[in-house]
Structures are given as structure tokens and as C-alpha cells.
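Take a look at the structure below.
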Amino acid sequence: MNKKLVIGIIALFVVSVGLFIAGVNRIIHPAFSTLGLVVAPIGVWIYLVWMVRKKKTGIFHDQMEPKLAERRLKWLKTFLLVGPISLAVGIVGAILHNVISALSGEEEAVFFFIALLAIFVWIIATVSGLVIFLIGRRKPN
């Protein structure tokens, strides 16, 4: 694997953990704790996309059945596609929530819940892709 990519992923992870800890401890604004939770899966997603583009089905163990490897690769690609779409929806939902709340002067809940749900889907899709990747790398019995 490219050494610069590994260093970038590690740096992204360290920054996200730092933002999470600083937000929870109220050193900086608590919203950064949520940002830390969102940024951590970005490094995982970058790594998985890089692995899928570079090695195709060779990312899984050599002794795995080709049909099973193709199915797992299809699921992995699906999760890697759903993840960034839901992240974009979450960001747009949060921005719309803030804009509508600022313009109307009242708290707006619909876009807020859309943003929360989309961020939750982003994390679930990234973790699911990572689980499929790690299970595929495991040597069969």
C-alpha cells in the first residue's frame, strides 16, 4: 500500500479522535465531537475504495470461492456507494436546517432529523463495508 496514503489515513484518524475528545470535554464547541465521529469513517472509506479500485476481487483471501468473492465485492461496492451519498445528504440536511432556522427564527426539525439519519447511515455503511472487507481477508477453515 502507498506509504503516503497510510500516513494520511492515520493523520485523519488522529485528528478525528482529537476533535471527538475535545468536543466531549468541552475544550472546543461540542459540535466538534460529532465532526470527529464523521471524519473517522472517511479514512476507512478512502482505504476501502483504494483497495477495491486497485485489487478488484484480489482483496479477499486466495482460497475463497470465486462466486463468494464476487458477491462480497458487489456488497462492498454497494456500501462504498451508499456511504458518501448519505454523507452528502447529511451535510446538506444540516446546512438546510441551519438556514431555515435562521431565516424563520423558529427551530426546524425535519432537516435536522434527515441530517442525523443520513450521518447514521454513513457510519453504518462504512462499518459494514469494513466488516465485509475484514471477513473476506480471513482465511477459510
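Following the order of the C-alpha cells, first chain is A, next is B, and so on, with residues numbered from 1 inside each chain and ligands from 1 in the order they appear.
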Quiz prompt | Residues within 7 Å of stretch 55-66 of chain A, only C-alpha atoms, excluding chain neighbours under 5 positions, as a ChimeraX atom specification | solution = /A:73,136-140
Serialized selection, N, CA and C atoms, as a compact mmCIF listing (two decimals), in the first residue's frame:
# COMPACT_ATOMS: atom_id res chain seq x y z
N LEU A 73 -17.70 -8.67 -3.10
CA LEU A 73 -17.24 -7.45 -3.76
C LEU A 73 -18.42 -6.58 -4.17
N GLY A 136 -13.67 -11.05 4.52
CA GLY A 136 -13.14 -11.60 3.26
C GLY A 136 -11.65 -11.84 3.31
N ARG A 137 -10.92 -11.08 4.11
CA ARG A 137 -9.48 -11.27 4.23
C ARG A 137 -9.11 -12.46 5.11
N ARG A 138 -10.07 -12.91 5.93
CA ARG A 138 -9.82 -14.02 6.85
C ARG A 138 -9.66 -15.33 6.09
N LYS A 139 -8.76 -16.15 6.51
CA LYS A 139 -8.51 -17.43 5.87
C LYS A 139 -9.63 -18.41 6.22
N PRO A 140 -10.25 -19.05 5.20
CA PRO A 140 -11.32 -20.01 5.50
C PRO A 140 -10.76 -21.25 6.20
Exercise. Would you mind listing what lies within 7 Å of A:Leu87 as a ChimeraX atom specification, with only C-alpha atoms counted and same-chain residues fewer than 4 positions away left out?
Key: /A:83,91,118-119,122
Exercise. Work out how far atom CA of A:Gly43 is from atom CA of A:Ile95, in Å to one decimal.
Key: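 Result for atom CA of A:Ile95 versus atom CA of A:Gly43: 23.0 Å, one decimal.
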Please provide the set of residues having any atom within 7 Å of A:Thr126, restricted to only C-alpha atoms, with same-chain residues fewer than 3 positions apart removed, written as a CSV table (one decimal) with C-alpha atoms, in the first residue's frame.
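Saved file around_39.csv follows:
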chain,number,residue,atom,x,y,z
A,41,PRO,CA,-15.0,6.8,8.8
A,45,TRP,CA,-13.8,4.7,3.3
A,79,PHE,CA,-21.8,0.0,0.8
A,80,LEU,CA,-19.0,2.2,-0.6
A,83,GLY,CA,-21.8,5.8,2.3
A,122,TRP,CA,-22.9,6.9,6.6
A,123,ILE,CA,-21.4,5.3,9.7
A,129,GLY,CA,-18.0,-2.3,4.3
A,130,LEU,CA,-15.1,-2.6,6.7
Quiz prompt | Counting only C-alpha atoms, the residue of A:Ala11, A:Ala94, A:Leu68, A:Val110 that sits nearest A:Ile135 | solution =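 The answer is A:Leu68, which sits nearest to A:Ile135.
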Exercise. For atom CA of A:Gly90 and atom CA of A:Leu117, quote the distance in Å rounded to one decimal.
Key: 7.5 Å
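Picture a line from atom CA of A:Val89 to atom CA of A:Ala125; it runs 13.8 Å.
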